[in-house]
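A.B. asks: Dumping the structure here so I can ask a few things about it.
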2 protein chains.
Amino acid sequence: MDFQTQLKQKVEAIEQILEKYLPAEEGYQKTVLEAMNYSVRVGGKRLRPMLMQETYQMLGGNGDIVEPFMAAQEMIHTYSLVHDDLPAMDNDMYRRGKKTTHVLYGEAMAILAGDGLLNYAFETACKAFLLEPGNENIGKALTVLAGKAGIYGMIGGQVADVEAEKRGLALDEEKLMYIHEHKTAALIQSSFMIGAILAGAGAEDVKKLEKAAYNIGIAFQIQDDILDVTSTLEVLGKPIGSDEKNNKLTYVKAHGLEKAKEDVEKLSKEALEILQGMQNRNEFLEQLVVYLIHREK
Amino acid sequence: MDFQTQLKQKVEAIEQILEKYLPAEEGYQKTVLEAMNYSVRVGGKRLRPMLMQETYQMLGGNGDIVEPFMAAQEMIHTYSLVHDDLPAMDNDMYRRGKKTTHVLYGEAMAILAGDGLLNYAFETACKAFLLEPGNENIGKALTVLAGKAGIYGMIGGQVADVEAEKRGLALDEEKLMYIHEHKTAALIQSSFMIGAILAGAGAEDVKKLEKAAYNIGIAFQIQDDILDVTSTLEVLGKPIGSDEKNNKLTYVKAHGLEKAKEDVEKLSKEALEILQGMQNRNEFLEQLVVYLIHREK
C-alpha cells in the first residue's frame, strides 16, 4: 500500500478514535458540547495523535491505553486553535476553509469551548487509569501531556508570539526560535514522548525522541511559514500571506525562502537518523516525517 | 483559639502553600506568569483548598500529597474567575476590590493567563506522582479534579449561566439549580472528595461527602445571591446589585429573601449532620460550614 493510502486510512482510524471520546451533545450545556465537537471535527492533519500512536507501536506498545491520550492531545491542539482565533488574539474568521468557532458560536461560547476542550483533554487522558489500573506510566504520560501544553510549553510560546505581534516587542532570532520551539514543537514532542512512555520505553529513548520531535516541530513550523508565502487559499484552505499582512517576523523573513527550505530538509534528516537508530523501526513514521518536508498544506 | 483566629492562620498557611506552587516570573513568557500570579494573589477566601485540607486531615491524612491538589484547585477556581470577568463574558472591571486581570494585562493576556492557570493546575496536581510514586489514589483524585471542573461540572454550569444571561433563554428553577450545582457546588464537591480520596477513604464516605458538599455549595451560592442584594461595596469588595443590573434570575429573585435565608440554614444543617456522622470529627471544618451561613462577604 502506498504512503498516501496508508495515511488516509490512518487519519480515518484516528478520527474514529476521536469520535469515541467526544462528548454527546445533550444537556443544559449542549451548546458548548456542539462548539467543542465542531472545532475538533473541522479536522486537520491529526498529526499529533498519529505521531503518538506510531511511536507507541514502534516501541512495542499494543494496547488501547494510548487512545485516550491521542484524543486528549488532539483536544489540546484544538483548544489552542479556538482561543488563538478569538477576536482578542488573531481574530481569524476561517480555519481549514471553515468558519472559526467564535464566528459560529459567539465569543463567549468559543472561550468556554476552548476551556472545555482543555479540561476535557485531562478528563479523557484520565480514562487510561480505568484501562490499566496501577500502570505507573500513566502518571508520567500525564505529566508530559500537561507540561508540554502549558506555560513552559505551548502556552509559553503563544505568549511570546502574542507579545511580539500585538505589542511590537523586538523579535530577534533567539525569541523566534523560542516561539517555534514552544508554540509548535512542544506538542509534537509530547506526542512522541507519551507514545514512548506508554509503550514502556526507557528514559534515554524518551529523551532521544524528544530531540527528534524538536527537529520535526521546528521543521513543521518553518514549512508552515513557507506555505504562508508560496501556497494559495484553495490549496491551503486558509488565507495566505497572513503573516505578511500581520507584519509578523517569520523564519522565512529572517533567513530567506531558500535557507528556510534547506533547514526544513536538514532538521528532518537529523530527526530521521534518530528514528532509524531506535531498536525497532517504523517505516510509516519515517515516511510521515519525510512527508512533512514536502507537504503542500 | 477562637474560630476567626484559626481561620486567619489557616488562610495564611494555605497562601504559603500556594506561593510554593506558583511559577517564578521569568523567561520570554514572563507576562503571562505575572498575570497568573496576580490573579491568584488577589486573594479570596481560599475556601476550596481549605475544605480539601480539612477533609484530608479529618479522615486521617497526614502527608503533603494533598498540597499540590490544594494549589491546583485554587488555580482552577482562579482561572474560572479570570475568564468569567472577560469583556465577552461578565465584563467585570473589579473583583475583590482590585482590578480584574484583563483590565491590568489586556484581553489576550487574560485569556492566556486563564488557559495557563487551568493547564498549570493539572501540571501541579501531577507533582503528587513525585511525592508518592505508585499511590493509586492520585489517579482517582485527578479524575475527580478534572471531572468536577469540566463540561460535566463547573464549565457546564457556566455555559448554562452565560446562555441564560446573554441569550435570555428562559431560566426555570430546574435550570437555575443546574447552574448552582455545576457552577458553584462542583468545585466544593471535588475539594471534599479529593481530600477524602487522598486520605484513603472508601467509596461510600466519598459519596456521602459529595452530598454534603453539594448542600454546602448550593448554600454558599444562595448566600452569594443574598449578599448581592443586602451587602455594600465596602464590605463585599465588589459592586453590589450586579445580578439585578444584569437582570439575572437568582435564587433570591425566584424564592424571596426570607426563603433563601431559610434554605441556606437548612442545607448547611443537613451537611453538618453528614460531617458529624463520619468516623472522625473535625470541629474546625464544622465551624467553617456554619460560618458560610453567616458570612458577610
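We label chains A, B, ... in the order they appear in the C-alpha cells, count residues from 1 in each chain, and number ligands from 1 in the order shown.
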Kindly provide, as a VMD selection string, the residues of chain A having any atom no farther than 7 Å from an atom of chain B, counting only C-alpha atoms.
C.D. replies: chain A and resid 28 to 29 32 88 to 89 107 to 108 116 119 to 120 122 to 123 126 129 134 136 139 143 146 to 147 150 to 151 155 to 156 159 to 160
A.B. asks: Per DSSP on the backbone, filter segment 6-242 of chain A down to the residues in helix (DSSP H, G or I) and report them as a ChimeraX atom specification.
C.D. replies: /A:6-21,30-41,47-58,66-84,101-105,107-126,128-131,137-149,154-166,173-198,203-230,233-236,242
A.B. asks: Any idea what the distance is between atom CA of Ser231 of chain A and atom CA of Glu296 of chain A?
C.D. replies: 7.3 Å
A.B. asks: What does the structure give for the distance between atom CA of Glu204 of chain B and atom CA of Pro68 of chain A, in Å to one decimal?
C.D. replies: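 Result for atom CA of Glu204 of chain B versus atom CA of Pro68 of chain A: 27.8 Å, one decimal.
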A.B. asks: Between atom CA of Leu275 of chain B and atom CA of Met50 of chain B, what is the distance in Å, rounded to a tenth?
C.D. replies: 15.3 Å
A.B. asks: Residues near Gln223 of chain B, anyone? I mean within 12 Å using only C-alpha atoms, not counting same-chain ones fewer than 3 positions away, as a PyMOL selection string.
C.D. replies: chain B and resi 180+184+216-220+226-231+250-252+257-265+267-268+291-297
A.B. asks: Keeping only N, CA, C and O atoms, write the selected residues as a compact mmCIF listing (two decimals), in the first residue's frame.
C.D. replies:
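This is the output file out-v5.txt:
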# COMPACT_ATOMS: atom_id res chain seq x y z
N HIS B 180 -26.39 26.42 39.71
CA HIS B 180 -25.77 26.48 41.04
C HIS B 180 -25.00 25.20 41.33
O HIS B 180 -23.89 25.24 41.85
N THR B 184 -21.06 26.34 40.93
CA THR B 184 -20.51 26.59 42.27
C THR B 184 -20.24 25.32 43.07
O THR B 184 -19.15 25.12 43.59
N ILE B 216 -23.47 22.32 50.78
CA ILE B 216 -22.65 23.47 51.15
C ILE B 216 -22.48 24.39 49.94
O ILE B 216 -22.59 25.62 50.06
N GLY B 217 -22.25 23.80 48.79
CA GLY B 217 -22.06 24.60 47.57
C GLY B 217 -23.31 25.39 47.22
O GLY B 217 -23.23 26.59 46.89
N ILE B 218 -24.46 24.73 47.29
CA ILE B 218 -25.72 25.43 46.98
C ILE B 218 -25.98 26.53 48.01
O ILE B 218 -26.34 27.66 47.66
N ALA B 219 -25.76 26.19 49.29
CA ALA B 219 -25.95 27.19 50.35
C ALA B 219 -25.02 28.37 50.13
O ALA B 219 -25.41 29.53 50.28
N PHE B 220 -23.79 28.07 49.77
CA PHE B 220 -22.79 29.11 49.52
C PHE B 220 -23.24 30.04 48.39
O PHE B 220 -23.12 31.26 48.48
N ILE B 226 -27.75 36.37 48.12
CA ILE B 226 -28.30 37.19 49.20
C ILE B 226 -27.42 38.43 49.41
O ILE B 226 -27.92 39.55 49.51
N LEU B 227 -26.09 38.19 49.46
CA LEU B 227 -25.17 39.31 49.71
C LEU B 227 -25.21 40.34 48.58
O LEU B 227 -25.02 41.53 48.82
N ASP B 228 -25.45 39.87 47.37
CA ASP B 228 -25.53 40.80 46.23
C ASP B 228 -26.69 41.78 46.40
O ASP B 228 -26.69 42.87 45.84
N VAL B 229 -27.68 41.35 47.20
CA VAL B 229 -28.85 42.20 47.46
C VAL B 229 -28.67 43.03 48.74
O VAL B 229 -29.05 44.19 48.79
N THR B 230 -28.06 42.42 49.76
CA THR B 230 -28.08 43.03 51.09
C THR B 230 -26.79 43.70 51.52
O THR B 230 -26.78 44.42 52.51
N SER B 231 -25.67 43.45 50.82
CA SER B 231 -24.37 43.96 51.29
C SER B 231 -24.05 45.33 50.70
O SER B 231 -24.88 45.97 50.07
N THR B 250 -32.01 34.92 40.08
CA THR B 250 -31.25 34.31 41.17
C THR B 250 -32.22 33.54 42.06
O THR B 250 -33.44 33.66 41.93
N TYR B 251 -31.66 32.78 42.95
CA TYR B 251 -32.46 32.05 43.93
C TYR B 251 -33.31 33.01 44.76
O TYR B 251 -34.48 32.75 45.04
N VAL B 252 -32.70 34.16 45.09
CA VAL B 252 -33.40 35.17 45.88
C VAL B 252 -34.61 35.71 45.10
O VAL B 252 -35.70 35.86 45.64
N LEU B 257 -36.24 36.68 49.65
CA LEU B 257 -35.07 36.76 50.53
C LEU B 257 -35.19 35.85 51.75
O LEU B 257 -34.24 35.17 52.14
N GLU B 258 -36.39 35.80 52.33
CA GLU B 258 -36.56 35.02 53.57
C GLU B 258 -36.40 33.52 53.32
O GLU B 258 -35.67 32.84 54.02
N LYS B 259 -37.08 33.05 52.27
CA LYS B 259 -36.97 31.63 51.90
C LYS B 259 -35.52 31.28 51.57
O LYS B 259 -35.01 30.21 51.95
N ALA B 260 -34.83 32.18 50.88
CA ALA B 260 -33.43 31.93 50.53
C ALA B 260 -32.59 31.76 51.79
O ALA B 260 -31.78 30.84 51.89
N LYS B 261 -32.83 32.65 52.77
CA LYS B 261 -32.08 32.57 54.04
C LYS B 261 -32.38 31.27 54.77
O LYS B 261 -31.48 30.61 55.31
N GLU B 262 -33.66 30.89 54.80
CA GLU B 262 -34.05 29.63 55.45
C GLU B 262 -33.36 28.44 54.80
O GLU B 262 -32.90 27.53 55.47
N ASP B 263 -33.32 28.47 53.46
CA ASP B 263 -32.75 27.32 52.74
C ASP B 263 -31.25 27.20 52.96
O ASP B 263 -30.72 26.08 53.04
N VAL B 264 -30.56 28.33 53.06
CA VAL B 264 -29.14 28.30 53.38
C VAL B 264 -28.94 27.56 54.70
O VAL B 264 -28.08 26.67 54.81
N GLU B 265 -29.77 27.92 55.67
CA GLU B 265 -29.70 27.31 57.01
C GLU B 265 -29.95 25.80 56.93
O GLU B 265 -29.20 24.99 57.47
N LEU B 267 -29.88 23.68 54.31
CA LEU B 267 -28.87 22.93 53.55
C LEU B 267 -27.61 22.72 54.38
O LEU B 267 -27.00 21.65 54.37
N SER B 268 -27.22 23.75 55.09
CA SER B 268 -25.99 23.66 55.87
C SER B 268 -26.16 22.69 57.03
O SER B 268 -25.23 21.95 57.38
N TYR B 291 -20.01 28.94 59.46
CA TYR B 291 -19.53 30.28 59.09
C TYR B 291 -20.07 30.70 57.72
O TYR B 291 -20.39 31.87 57.49
N LEU B 292 -20.19 29.73 56.83
CA LEU B 292 -20.70 30.03 55.48
C LEU B 292 -22.09 30.62 55.54
O LEU B 292 -22.46 31.44 54.70
N ILE B 293 -22.87 30.19 56.53
CA ILE B 293 -24.24 30.71 56.67
C ILE B 293 -24.21 32.19 57.03
O ILE B 293 -25.01 32.97 56.54
N HIS B 294 -23.30 32.54 57.91
CA HIS B 294 -23.33 33.89 58.48
C HIS B 294 -22.32 34.85 57.86
O HIS B 294 -22.24 35.99 58.28
N ARG B 295 -21.55 34.35 56.87
CA ARG B 295 -20.53 35.22 56.28
C ARG B 295 -21.18 36.46 55.67
O ARG B 295 -22.31 36.43 55.20
N GLU B 296 -20.42 37.55 55.70
CA GLU B 296 -20.95 38.82 55.19
C GLU B 296 -20.20 39.30 53.96
O GLU B 296 -20.40 40.41 53.49
N LYS B 297 -19.25 38.51 53.48
CA LYS B 297 -18.60 38.84 52.21
C LYS B 297 -18.02 37.59 51.56
O LYS B 297 -18.01 36.53 52.15
A.B. asks: So that I can check the surroundings of Val40 of chain B, please list as JSON, numbers by chain every protein, DNA and RNA residue that reaches within 10 Å of it, counting only C-alpha atoms and ignoring chain neighbours fewer than 5 positions away.
C.D. replies: {"B": [15, 18, 19, 22, 34, 35, 46, 71, 74, 75, 76, 77, 78, 79, 81, 82, 117]}
A.B. asks: Mind dumping the selected residues with N, CA and C atoms as a short mmCIF file (atom, residue, chain, number, x, y, z; two decimals), in the first residue's frame?
C.D. replies:
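Here's the written file part-v2.cif:
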data_model
loop_
_atom_site.label_atom_id
_atom_site.label_comp_id
_atom_site.auth_asym_id
_atom_site.auth_seq_id
_atom_site.Cartn_x
_atom_site.Cartn_y
_atom_site.Cartn_z
N GLU B 15 -1.98 30.16 51.87
CA GLU B 15 -1.34 31.08 50.92
C GLU B 15 0.15 30.80 50.79
N LEU B 18 0.27 27.90 48.43
CA LEU B 18 0.03 28.38 47.06
C LEU B 18 1.31 29.01 46.49
N GLU B 19 1.95 29.86 47.29
CA GLU B 19 3.18 30.53 46.83
C GLU B 19 4.22 29.51 46.37
N LEU B 22 3.30 28.47 42.85
CA LEU B 22 3.15 29.44 41.77
C LEU B 22 4.45 29.51 40.97
N GLU B 34 3.20 36.62 35.35
CA GLU B 34 2.79 37.72 36.23
C GLU B 34 1.27 37.82 36.32
N ALA B 35 0.62 37.69 35.16
CA ALA B 35 -0.85 37.78 35.14
C ALA B 35 -1.48 36.64 35.93
N ARG B 46 -9.98 31.35 49.92
CA ARG B 46 -9.18 30.09 49.89
C ARG B 46 -10.01 28.93 50.41
N ALA B 71 -3.29 23.49 45.71
CA ALA B 71 -2.86 24.58 44.81
C ALA B 71 -3.56 24.46 43.47
N GLU B 74 -7.16 25.74 43.62
CA GLU B 74 -7.25 27.20 43.68
C GLU B 74 -6.92 27.82 42.32
N MET B 75 -6.00 27.18 41.58
CA MET B 75 -5.68 27.66 40.22
C MET B 75 -6.90 27.51 39.31
N ILE B 76 -7.60 26.39 39.43
CA ILE B 76 -8.79 26.17 38.60
C ILE B 76 -9.86 27.20 38.95
N HIS B 77 -10.09 27.38 40.25
CA HIS B 77 -11.07 28.38 40.68
C HIS B 77 -10.69 29.76 40.13
N THR B 78 -9.41 30.10 40.22
CA THR B 78 -8.95 31.42 39.78
C THR B 78 -9.10 31.60 38.26
N TYR B 79 -8.71 30.56 37.49
CA TYR B 79 -8.84 30.70 36.03
C TYR B 79 -10.30 30.95 35.66
N LEU B 81 -12.53 32.53 37.28
CA LEU B 81 -12.87 33.93 37.54
C LEU B 81 -12.27 34.85 36.48
N VAL B 82 -11.02 34.57 36.10
CA VAL B 82 -10.33 35.39 35.10
C VAL B 82 -11.11 35.37 33.78
N LEU B 117 -3.41 29.00 33.83
CA LEU B 117 -3.77 28.53 35.17
C LEU B 117 -4.46 27.16 35.12
#
A.B. asks: Check the smallest atom-to-atom distance from each of B:Val66, B:Gly60, B:Ile274, B:Phe284 to Lys10 of chain B using only C-alpha atoms, then report the winner.
C.D. replies: B:Phe284
A.B. asks: DSSP says strand (DSSP E) for which residues of segment 87-231 of chain B? Put them as number ranges by chain?
C.D. replies: B: 94-95, 98-99
A.B. asks: Which residues are close to Met58 of chain B, i.e. within 10 Å by only C-alpha atoms, leaving aside same-chain residues fewer than 2 positions away? Reply as a PyMOL selection string.
C.D. replies: chain B and resi 52-56+60-62+195-196+199+275+278-285
